Amino acid sequence: MLELVGVESGYGETLILHDVHLSVCAGCVHAVLGRNGAGKSTMLKTIIGQLPTRQGVIRFGGRDISNLPPNQRAKLGIAYVPETRDIFGALSVRENLQLAARLAPPNQGRNPKGWNIDEVLDFFPQLAARLNHSGHQLSGGEQQMLAIGRAMMMAPALLILDEPTEGLAPLLIEQILQKLTALKAQDITILLVEQNLHFASALADEISLMGRGQIVWHGTAAALHKDTKAQANWLGV
Amino acid sequence: MFYQSPLRTITLIAALCFLAIYASFGSYFAREIVIEIIILAILAISLDFCAGFGGMVSLCHGAMMGIAAYFYGMMSVKLGWGLTASAGIGLAAAVIFAGCVGWVTARISGIFFIMATLAFGQMAYTIFFRWRWLGGDDGMGGMRRFDLSAWGVNLNDGLIFTFWALGILLLVYILSALLLRSGFGRSLSGIHANEGRMQALGINTATIRTQAMAFSGLMAGLAGILAAQHTFYISPELLVWTLSGEVLLVVILGGIGTLVGPIIGAILLVLMKHSISAYTDYWHIFVGLVLIFAVLSGGRGIFGQGEYWWQKYMRGQHA
């Protein structure tokens with residue numbers, strides 16, 4: 001579904017990603033783990049088009065999207081939940097959700113099972129009571145739920161999540177894990193960047209480790225648990 | 001995002017009533033002041049629409065207004081077209097100019113956006129300043145007001161023209177408010193907050209920004225046609241950038257991003273100008289002091305500050 005071949009990217013004159021190869025199969029949950037500064041978020045920003053692809057090719061559903069602007073990639077069905085969540089504080093919860101519904105009707109390549117506001121509220125009942133509250137009144141966990149709900153309003157074929165557990169209490173992490181497991185059961189392809197190994201291995205079919213701007217290890221969660229050397233090399237502090 | 005709160009409705013009605021009463025019971029001079037306020041207020045709402053809600057602080061709103069006025073004058077006086085058609089051409093010219101500025105500047109923001117709009121405005125100013133056929137730096141006269149005698153309305157009566165202008169101000173306000181309450185307004189304020197995120201949500205932010213500028217141009221164009229019909233005379237002074245700066249001052253003075261604030265700002269600025277300039281030529285100093293006060297008090301402006309206190313008070317009541 002999503003394929004990165006020899007991708008290079010970075011900020012200004014600094015190159016962060018060197019020759020990244022990654023393949024996410026349709027319907028899979030693929031987790032990318034690595035230390036701070038390994039290039040995980042940079043890779044996601046390159047996939048959604050916020051950073052230009054300097055070298056290599058990004059394919060989505062077989063189509064080369066390396067040179068498409070971000071909004072066209074989103075229309076093809078790539079939804080992105082950033083680490084900072086980026087809830088619009090000046091807008092209410094309802095308006096935040098409506099923003100994403102302004103896209104053209106679902107077309108090929110996009111999941112026809114896009115959500116409407118009611119379905120978001122069914123999925124995240126906590127948001128129902130907050131519907132008319134403004135975005136900056138939400139707690140961290142609520143913001144994360146709203147960010148995921150907003151992404152699901154876009155009827156994505158691929159949901160990209162950047163560290164969804166960051167800054168959340170363990171109880172909330174458990175809740176988000178349940179929700180994402182439920183999403184996975186709906187056959188939505190998820191690309192997940194995480195620091196939390198437990199969280200990632202509970203959810204992911206495949207795991208890639210990232211270090212120094214490259215994918216350095218690839219396999220299943222079970223294989224990673226056995227490979228203590230890879231863990232020590234690329235995850236240990 | 002724009003919300004038409006009860007306080008804003010009350011303030012809007014109070015401001016319009018004040019202008020109506022001031023014009024009705026005042027002298028000829030009072031009516032001139034009221035029309036000056038109305039034209040400035042329309043222009044300020046037009047700027048607040050793109051600056052306050054879309055973060056596009058433009059310094060070419062005077063040019064948008066002037067272009068509409070000049071095209072209205074050119075079509076009706078020089079080419080002898082009907083007044084309605086001429087006004088349509090004038091508005092279209094302002095919309096096209098504003099849309100072009102919006103389209104070219106759609107990928108830049110902050111200081112560069114301001115400088116680019118300034119450059120566009122000065123280009124337009126220079127063209128009309130040099131264009132002898134349209135009077136060049138002497139300006140041109142001979143514009144007429146709409147003939148509404150079929151409806152029993154004589155716009156050449158000063159008071160009736162004032163109410164006509166007041167109606168246009170209300171129309172501009174309602175149109176802006178409706179548009180800002182729609183999905184378009186949602187997208188615009190999203191772009192203001194985080195343009196990159198809006199793109200990742202699949203929204204073509206350049207298109208939204210261009211449309212916002214074009215709509216702003218339409219409103220500024222209405223102010224321009226009103227200005228041309230008011231004095232029967234136009235000059236390149238309409239397009240000069242200091243006028244655009246004054247409009248920005250009005251928006252900030254009244255309260256940016258409130259729509260009502262710009263009307264309050266226009267009333268204050270024009271009244272201050274006329275009352276203080278009766279005593280001293282240095283009236284700008286006093287306007288400057290008030291502006292500094294407005295900016296230092298959290299940048300909310302006069303109406304914005306009042307609204308802030310009101311909301312704080314209301315929260316205190318409920319707590």
# chains A, B, ... in the order shown; residues from 1 in each chain; ligands from 1
call {"tool": "select_by_dssp", "arguments": {"residues": "range 9-224 of chain A", "states": "alpha helix (DSSP H)", "output": "JSON, numbers by chain"}}
result
{"A": [40, 41, 42, 43, 44, 45, 46, 47, 48, 70, 71, 72, 73, 74, 75, 76, 93, 94, 95, 96, 97, 98, 99, 100, 117, 118, 119, 120, 121, 122, 123, 125, 126, 127, 128, 140, 141, 142, 143, 144, 145, 146, 147, 148, 149, 150, 151, 152, 153, 170, 171, 172, 173, 174, 175, 176, 177, 178, 179, 180, 181, 182, 183, 184, 185, 197, 198, 199, 200, 201, 202, 203, 221, 222, 223, 224]}
call {"tool": "residues_around", "arguments": {"residues": "range 15-31 of chain B", "least_positions_apart": "6", "cutoff": "9 Å", "atoms": "only C-alpha atoms", "output": "PDB file with N, CA, C and O atoms, in the first residue's frame"}}
result
ATOM      1  N   ILE B  37     -17.020  57.789   8.158  1.00  0.00           N
ATOM      2  CA  ILE B  37     -16.907  56.658   9.096  1.00  0.00           C
ATOM      3  C   ILE B  37     -17.365  55.367   8.420  1.00  0.00           C
ATOM      4  O   ILE B  37     -16.697  54.332   8.503  1.00  0.00           O
ATOM      5  N   ILE B  38     -18.491  55.434   7.709  1.00  0.00           N
ATOM      6  CA  ILE B  38     -19.055  54.215   7.109  1.00  0.00           C
ATOM      7  C   ILE B  38     -18.093  53.632   6.073  1.00  0.00           C
ATOM      8  O   ILE B  38     -17.829  52.423   6.056  1.00  0.00           O
ATOM      9  N   GLY B 158     -28.592  64.244   1.010  1.00  0.00           N
ATOM     10  CA  GLY B 158     -27.474  63.833   1.857  1.00  0.00           C
ATOM     11  C   GLY B 158     -27.870  62.818   2.910  1.00  0.00           C
ATOM     12  O   GLY B 158     -27.173  61.813   3.126  1.00  0.00           O
ATOM     13  N   LEU B 159     -29.008  63.019   3.558  1.00  0.00           N
ATOM     14  CA  LEU B 159     -29.407  62.120   4.635  1.00  0.00           C
ATOM     15  C   LEU B 159     -29.773  60.747   4.078  1.00  0.00           C
ATOM     16  O   LEU B 159     -29.405  59.707   4.633  1.00  0.00           O
ATOM     17  N   THR B 162     -26.777  58.862   3.280  1.00  0.00           N
ATOM     18  CA  THR B 162     -26.154  58.343   4.499  1.00  0.00           C
ATOM     19  C   THR B 162     -26.796  57.019   4.913  1.00  0.00           C
ATOM     20  O   THR B 162     -26.098  56.067   5.265  1.00  0.00           O
ATOM     21  N   PHE B 163     -28.124  56.970   4.841  1.00  0.00           N
ATOM     22  CA  PHE B 163     -28.799  55.721   5.222  1.00  0.00           C
ATOM     23  C   PHE B 163     -28.524  54.608   4.215  1.00  0.00           C
ATOM     24  O   PHE B 163     -28.424  53.434   4.579  1.00  0.00           O
ATOM     25  N   LEU B 166     -25.270  53.331   5.170  1.00  0.00           N
ATOM     26  CA  LEU B 166     -25.419  52.552   6.399  1.00  0.00           C
ATOM     27  C   LEU B 166     -25.947  51.150   6.074  1.00  0.00           C
ATOM     28  O   LEU B 166     -25.513  50.144   6.658  1.00  0.00           O
ATOM     29  N   LEU B 169     -23.138  49.093   4.767  1.00  0.00           N
ATOM     30  CA  LEU B 169     -22.285  48.654   5.871  1.00  0.00           C
ATOM     31  C   LEU B 169     -22.878  47.432   6.564  1.00  0.00           C
ATOM     32  O   LEU B 169     -22.188  46.436   6.819  1.00  0.00           O
ATOM     33  N   LEU B 170     -24.197  47.491   6.828  1.00  0.00           N
ATOM     34  CA  LEU B 170     -24.855  46.357   7.483  1.00  0.00           C
ATOM     35  C   LEU B 170     -24.782  45.110   6.595  1.00  0.00           C
ATOM     36  O   LEU B 170     -24.499  43.999   7.066  1.00  0.00           O
ATOM     37  N   VAL B 260     -16.982  43.467  14.670  1.00  0.00           N
ATOM     38  CA  VAL B 260     -17.657  44.648  15.217  1.00  0.00           C
ATOM     39  C   VAL B 260     -16.618  45.711  15.542  1.00  0.00           C
ATOM     40  O   VAL B 260     -16.832  46.910  15.308  1.00  0.00           O
ATOM     41  N   ILE B 263     -15.791  48.606  13.196  1.00  0.00           N
ATOM     42  CA  ILE B 263     -16.780  49.696  13.122  1.00  0.00           C
ATOM     43  C   ILE B 263     -16.523  50.686  14.262  1.00  0.00           C
ATOM     44  O   ILE B 263     -16.485  51.898  14.061  1.00  0.00           O
ATOM     45  N   ILE B 264     -16.296  50.130  15.463  1.00  0.00           N
ATOM     46  CA  ILE B 264     -15.994  50.985  16.619  1.00  0.00           C
ATOM     47  C   ILE B 264     -14.707  51.776  16.359  1.00  0.00           C
ATOM     48  O   ILE B 264     -14.625  52.979  16.630  1.00  0.00           O
ATOM     49  N   ILE B 267     -15.347  54.659  13.964  1.00  0.00           N
ATOM     50  CA  ILE B 267     -16.049  55.770  14.628  1.00  0.00           C
ATOM     51  C   ILE B 267     -15.066  56.583  15.468  1.00  0.00           C
ATOM     52  O   ILE B 267     -14.985  57.807  15.370  1.00  0.00           O
TER      53      ILE B 267
END
call {"tool": "closest_residue", "arguments": {"among": "B:Gly102, B:Gly141, B:Gly88, B:Gly255", "to": "Ala214 in chain B", "atoms": "only C-alpha atoms"}}
result
B:Gly102
call {"tool": "closest_atom_pairs", "arguments": {"of": "chain B", "to": "chain A", "cutoff": "10 Å", "atoms": "only C-alpha atoms", "output": "JSON lines"}}
result
{"residue": "B:Met1", "atom": "CA", "partner": "A:Leu91", "partner_atom": "CA", "distance": 5.9}
{"residue": "B:Phe2", "atom": "CA", "partner": "A:Ala90", "partner_atom": "CA", "distance": 9.0}
{"residue": "B:Gly183", "atom": "CA", "partner": "A:Leu99", "partner_atom": "CA", "distance": 7.3}
{"residue": "B:Phe184", "atom": "CA", "partner": "A:Arg102", "partner_atom": "CA", "distance": 9.2}
{"residue": "B:Arg186", "atom": "CA", "partner": "A:Leu99", "partner_atom": "CA", "distance": 6.7}
{"residue": "B:Ser187", "atom": "CA", "partner": "A:Leu99", "partner_atom": "CA", "distance": 6.5}
{"residue": "B:Ser189", "atom": "CA", "partner": "A:Ala90", "partner_atom": "CA", "distance": 7.7}
{"residue": "B:Gly190", "atom": "CA", "partner": "A:Phe88", "partner_atom": "CA", "distance": 6.5}
{"residue": "B:Ile191", "atom": "CA", "partner": "A:Phe88", "partner_atom": "CA", "distance": 9.6}
{"residue": "B:His192", "atom": "CA", "partner": "A:Phe88", "partner_atom": "CA", "distance": 9.8}
{"residue": "B:Ala193", "atom": "CA", "partner": "A:Phe88", "partner_atom": "CA", "distance": 6.8}
{"residue": "B:Asn194", "atom": "CA", "partner": "A:Asp86", "partner_atom": "CA", "distance": 7.8}
{"residue": "B:Gly196", "atom": "CA", "partner": "A:Gln50", "partner_atom": "CA", "distance": 7.0}
{"residue": "B:Arg197", "atom": "CA", "partner": "A:Asp86", "partner_atom": "CA", "distance": 7.2}
{"residue": "B:Met198", "atom": "CA", "partner": "A:Asn71", "partner_atom": "CA", "distance": 7.9}
{"residue": "B:Gln199", "atom": "CA", "partner": "A:Asn71", "partner_atom": "CA", "distance": 4.6}
{"residue": "B:Ala200", "atom": "CA", "partner": "A:Pro70", "partner_atom": "CA", "distance": 5.5}
{"residue": "B:Leu201", "atom": "CA", "partner": "A:Ala100", "partner_atom": "CA", "distance": 5.7}
{"residue": "B:Gly202", "atom": "CA", "partner": "A:Asn71", "partner_atom": "CA", "distance": 3.8}
{"residue": "B:Ile203", "atom": "CA", "partner": "A:Asn71", "partner_atom": "CA", "distance": 5.3}
{"residue": "B:Asn204", "atom": "CA", "partner": "A:Asn71", "partner_atom": "CA", "distance": 5.7}
{"residue": "B:Thr205", "atom": "CA", "partner": "A:Asn71", "partner_atom": "CA", "distance": 8.2}
call {"tool": "write_last_selection", "arguments": {"atoms": "N, CA and C atoms", "output": "compact mmCIF listing (two decimals), in the first residue's frame"}}
result
# COMPACT_ATOMS: atom_id res chain seq x y z
N MET B 1 -12.25 31.26 14.46
CA MET B 1 -13.66 31.12 14.08
C MET B 1 -14.47 32.29 14.62
N PHE B 2 -15.44 32.74 13.84
CA PHE B 2 -16.23 33.90 14.23
C PHE B 2 -17.51 33.45 14.94
N GLY B 183 -18.40 26.70 6.46
CA GLY B 183 -17.23 25.84 6.35
C GLY B 183 -16.03 26.59 5.83
N PHE B 184 -16.29 27.57 4.98
CA PHE B 184 -15.20 28.39 4.46
C PHE B 184 -14.48 29.13 5.59
N ARG B 186 -14.41 28.28 8.70
CA ARG B 186 -13.72 27.28 9.50
C ARG B 186 -12.35 27.00 8.91
N SER B 187 -12.33 26.78 7.60
CA SER B 187 -11.06 26.50 6.93
C SER B 187 -10.12 27.68 7.06
N SER B 189 -9.96 30.01 9.39
CA SER B 189 -9.34 30.17 10.71
C SER B 189 -8.39 29.00 11.00
N GLY B 190 -8.66 27.84 10.39
CA GLY B 190 -7.71 26.74 10.52
C GLY B 190 -6.38 27.07 9.86
N ILE B 191 -6.45 27.72 8.71
CA ILE B 191 -5.23 28.12 8.00
C ILE B 191 -4.47 29.14 8.84
N HIS B 192 -5.22 30.05 9.45
CA HIS B 192 -4.60 31.06 10.30
C HIS B 192 -3.82 30.39 11.43
N ALA B 193 -4.41 29.36 12.02
CA ALA B 193 -3.79 28.70 13.18
C ALA B 193 -2.63 27.80 12.75
N ASN B 194 -2.80 27.04 11.68
CA ASN B 194 -1.77 26.05 11.32
C ASN B 194 -1.99 25.62 9.86
N GLY B 196 0.01 24.21 7.69
CA GLY B 196 0.50 22.88 7.33
C GLY B 196 -0.49 21.78 7.70
N ARG B 197 -1.12 21.93 8.87
CA ARG B 197 -2.07 20.93 9.30
C ARG B 197 -3.28 20.91 8.38
N MET B 198 -3.72 22.09 7.93
CA MET B 198 -4.86 22.14 7.02
C MET B 198 -4.54 21.43 5.71
N GLN B 199 -3.30 21.57 5.25
CA GLN B 199 -2.93 20.87 4.02
C GLN B 199 -2.98 19.37 4.23
N ALA B 200 -2.50 18.94 5.41
CA ALA B 200 -2.51 17.50 5.70
C ALA B 200 -3.94 16.98 5.85
N LEU B 201 -4.89 17.89 6.11
CA LEU B 201 -6.29 17.48 6.16
C LEU B 201 -6.91 17.49 4.76
N GLY B 202 -6.09 17.76 3.76
CA GLY B 202 -6.56 17.65 2.39
C GLY B 202 -7.13 18.94 1.83
N ILE B 203 -6.88 20.06 2.49
CA ILE B 203 -7.46 21.31 2.02
C ILE B 203 -6.43 22.10 1.24
N ASN B 204 -6.85 22.57 0.08
CA ASN B 204 -5.96 23.39 -0.75
C ASN B 204 -5.96 24.80 -0.16
N THR B 205 -4.97 25.07 0.66
CA THR B 205 -4.98 26.32 1.43
C THR B 205 -4.78 27.53 0.52
call {"tool": "atom_distance", "arguments": {"atom1": "CA of Met74 in chain B", "atom2": "CA of Ala92 in chain B"}}
result
13.5 Å
call {"tool": "residues_around", "arguments": {"residues": "range 55-57 of chain B", "least_positions_apart": "3", "cutoff": "9 Å", "atoms": "only C-alpha atoms", "output": "compact mmCIF listing (two decimals) with N, CA and C atoms, in the first residue's frame"}}
result
# COMPACT_ATOMS: atom_id res chain seq x y z
N LEU B 47 -10.76 44.34 5.68
CA LEU B 47 -9.41 43.96 6.09
C LEU B 47 -9.45 42.97 7.25
N ASP B 48 -10.37 43.19 8.19
CA ASP B 48 -10.48 42.27 9.33
C ASP B 48 -10.80 40.86 8.85
N PHE B 49 -11.59 40.78 7.77
CA PHE B 49 -11.98 39.47 7.23
C PHE B 49 -10.74 38.65 6.88
N CYS B 50 -9.78 39.26 6.18
CA CYS B 50 -8.61 38.45 5.80
C CYS B 50 -7.49 38.52 6.83
N ALA B 51 -7.34 39.67 7.54
CA ALA B 51 -6.25 39.78 8.51
C ALA B 51 -6.62 39.11 9.83
N GLY B 52 -7.82 39.40 10.33
CA GLY B 52 -8.21 38.90 11.64
C GLY B 52 -8.54 37.43 11.63
N SER B 109 3.84 34.33 4.03
CA SER B 109 3.12 34.87 5.18
C SER B 109 4.03 35.82 5.94
N GLY B 110 3.47 36.41 6.98
CA GLY B 110 4.22 37.29 7.85
C GLY B 110 4.68 38.56 7.14
N ILE B 111 5.88 38.97 7.43
CA ILE B 111 6.40 40.24 6.93
C ILE B 111 6.47 40.24 5.40
N PHE B 113 4.47 38.72 3.35
CA PHE B 113 3.12 38.94 2.82
C PHE B 113 2.80 40.43 2.84
N ILE B 114 3.11 41.08 3.96
CA ILE B 114 2.83 42.51 4.09
C ILE B 114 3.56 43.29 3.00
N THR B 117 2.00 42.76 -0.49
CA THR B 117 0.76 43.49 -0.70
C THR B 117 1.04 44.99 -0.84
N LEU B 188 -10.68 28.89 6.90
CA LEU B 188 -9.85 30.09 6.96
C LEU B 188 -9.19 30.23 8.33
N SER B 189 -9.96 30.01 9.39
CA SER B 189 -9.34 30.17 10.71
C SER B 189 -8.39 29.00 11.00
N ILE B 191 -6.45 27.72 8.71
CA ILE B 191 -5.23 28.12 8.00
C ILE B 191 -4.47 29.14 8.84
N HIS B 192 -5.22 30.05 9.45
CA HIS B 192 -4.60 31.06 10.30
C HIS B 192 -3.82 30.39 11.43
N ALA B 193 -4.41 29.36 12.02
CA ALA B 193 -3.79 28.70 13.18
C ALA B 193 -2.63 27.80 12.75
N ARG B 209 -7.14 30.84 0.58
CA ARG B 209 -6.57 32.17 0.81
C ARG B 209 -6.90 33.12 -0.34
N MET B 213 -9.15 36.61 -0.10
CA MET B 213 -8.71 37.92 -0.56
C MET B 213 -9.68 38.49 -1.59
N LEU B 248 -5.65 49.56 8.66
CA LEU B 248 -5.09 48.57 9.59
C LEU B 248 -5.13 49.10 11.02
call {"tool": "atom_distance", "arguments": {"atom1": "CA of Gly224 in chain B", "atom2": "CA of Val104 in chain B"}}
result
23.0 Å
call {"tool": "residues_around", "arguments": {"residues": "Leu121 in chain A", "least_positions_apart": "6", "cutoff": "10 Å", "atoms": "only C-alpha atoms", "output": "mmCIF file with N, CA and C atoms, in the first residue's frame"}}
result
data_model
loop_
_atom_site.group_PDB
_atom_site.id
_atom_site.type_symbol
_atom_site.label_atom_id
_atom_site.label_comp_id
_atom_site.auth_asym_id
_atom_site.auth_seq_id
_atom_site.Cartn_x
_atom_site.Cartn_y
_atom_site.Cartn_z
ATOM 1 N N TRP A 115 -15.884 8.114 8.484
ATOM 2 C CA TRP A 115 -16.813 8.298 9.579
ATOM 3 C C TRP A 115 -17.548 9.621 9.456
ATOM 4 N N LEU A 127 -15.878 12.424 23.871
ATOM 5 C CA LEU A 127 -15.923 13.665 23.093
ATOM 6 C C LEU A 127 -17.344 14.221 23.002
ATOM 7 N N ALA A 128 -18.343 13.349 23.197
ATOM 8 C CA ALA A 128 -19.733 13.789 23.010
ATOM 9 C C ALA A 128 -20.062 14.954 23.944
ATOM 10 N N ALA A 129 -19.606 14.840 25.198
ATOM 11 C CA ALA A 129 -19.913 15.885 26.166
ATOM 12 C C ALA A 129 -19.140 17.166 25.876
ATOM 13 N N LEU A 131 -18.523 18.391 22.752
ATOM 14 C CA LEU A 131 -18.719 18.747 21.342
ATOM 15 C C LEU A 131 -18.677 20.253 21.089
ATOM 16 N N MET A 145 -7.787 11.808 21.136
ATOM 17 C CA MET A 145 -8.996 11.192 20.572
ATOM 18 C C MET A 145 -9.559 12.035 19.449
ATOM 19 N N LEU A 146 -9.603 13.346 19.679
ATOM 20 C CA LEU A 146 -10.148 14.240 18.650
ATOM 21 C C LEU A 146 -9.267 14.202 17.397
ATOM 22 N N GLY A 149 -10.074 11.038 15.662
ATOM 23 C CA GLY A 149 -11.420 11.154 15.091
ATOM 24 C C GLY A 149 -11.423 12.056 13.873
#
call {"tool": "residues_around", "arguments": {"residues": "Gly236 in chain A", "least_positions_apart": "5", "cutoff": "12 Å", "atoms": "only C-alpha atoms", "output": "list in words"}}
result
Leu33, Gly34, Arg35, Asn36, Gln195, Asn196, Leu197, Leu209, Gly211, Thr228, Lys229, Ala230 and Gln231 of chain A
call {"tool": "residues_around", "arguments": {"residues": "range 178-180 of chain A", "least_positions_apart": "3", "cutoff": "8 Å", "atoms": "only C-alpha atoms", "output": "list in words"}}
result
Phe123, Glu174, Gln175, Leu183, Lys184 and Leu203 of chain A
call {"tool": "closest_residue", "arguments": {"among": "A:Ile176, A:Val5, A:Ala204, A:Leu168", "to": "Leu224 in chain A", "atoms": "only C-alpha atoms"}}
result
A:Ala204
call {"tool": "select_by_dssp", "arguments": {"residues": "range 12-219 of chain A", "states": "strand (DSSP E or B)", "output": "MDAnalysis selection string"}}
result
chainID A and resid 14:24 29:34 55:60 63:64 78:81 92 134 158:162 189:194 206:211 214:219
call {"tool": "residues_around", "arguments": {"residues": "range 285-297 of chain B", "least_positions_apart": "2", "cutoff": "12 Å", "atoms": "only C-alpha atoms", "output": "number ranges by chain"}}
result
B: 246, 248-256, 261, 265-266, 268-277, 279-283, 299-306, 308-309
call {"tool": "write_last_selection", "arguments": {"atoms": "C-alpha atoms", "output": "short mmCIF file (atom, residue, chain, number, x, y, z; two decimals), in the first residue's frame"}}
result
data_model
loop_
_atom_site.label_atom_id
_atom_site.label_comp_id
_atom_site.auth_asym_id
_atom_site.auth_seq_id
_atom_site.Cartn_x
_atom_site.Cartn_y
_atom_site.Cartn_z
CA GLU B 246 -4.92 53.81 8.45
CA LEU B 248 -5.09 48.57 9.59
CA LEU B 249 -4.87 51.04 12.46
CA VAL B 250 -8.68 51.13 12.64
CA VAL B 251 -8.85 47.33 12.75
CA ILE B 252 -6.28 47.08 15.54
CA LEU B 253 -7.75 50.03 17.44
CA GLY B 254 -11.24 48.52 17.39
CA GLY B 255 -10.24 44.88 17.89
CA ILE B 256 -8.86 42.57 15.24
CA GLY B 261 -14.40 46.17 16.45
CA GLY B 265 -12.43 51.75 15.51
CA ALA B 266 -13.65 53.72 12.50
CA LEU B 268 -13.32 56.55 17.15
CA LEU B 269 -10.65 57.41 14.62
CA VAL B 270 -12.79 59.75 12.51
CA LEU B 271 -14.34 61.48 15.52
CA MET B 272 -10.94 61.90 17.15
CA LYS B 273 -9.49 63.21 13.93
CA HIS B 274 -12.17 65.87 13.50
CA SER B 275 -12.45 66.92 17.13
CA ILE B 276 -8.75 67.13 17.86
CA SER B 277 -7.74 68.64 14.52
CA TYR B 279 -7.40 72.49 18.02
CA THR B 280 -4.11 71.24 16.66
CA ASP B 281 -2.53 69.94 13.47
CA TYR B 282 -0.75 67.32 15.53
CA TRP B 283 -3.84 65.18 16.03
CA GLY B 299 -3.60 43.88 21.56
CA ARG B 300 -7.32 43.26 21.84
CA GLY B 301 -8.34 46.74 20.81
CA ILE B 302 -11.13 48.82 22.31
CA PHE B 303 -14.01 46.44 21.55
CA GLY B 304 -11.84 43.35 22.07
CA GLN B 305 -10.81 44.57 25.52
CA GLY B 306 -14.41 45.32 26.45
CA TYR B 308 -12.65 40.30 27.25
CA TRP B 309 -13.74 42.06 30.45
#
call {"tool": "closest_residue", "arguments": {"among": "B:Tyr313, B:Trp151, B:Tyr125, B:Tyr72", "to": "Thr242 in chain B", "atoms": "only C-alpha atoms"}}
result
B:Tyr125
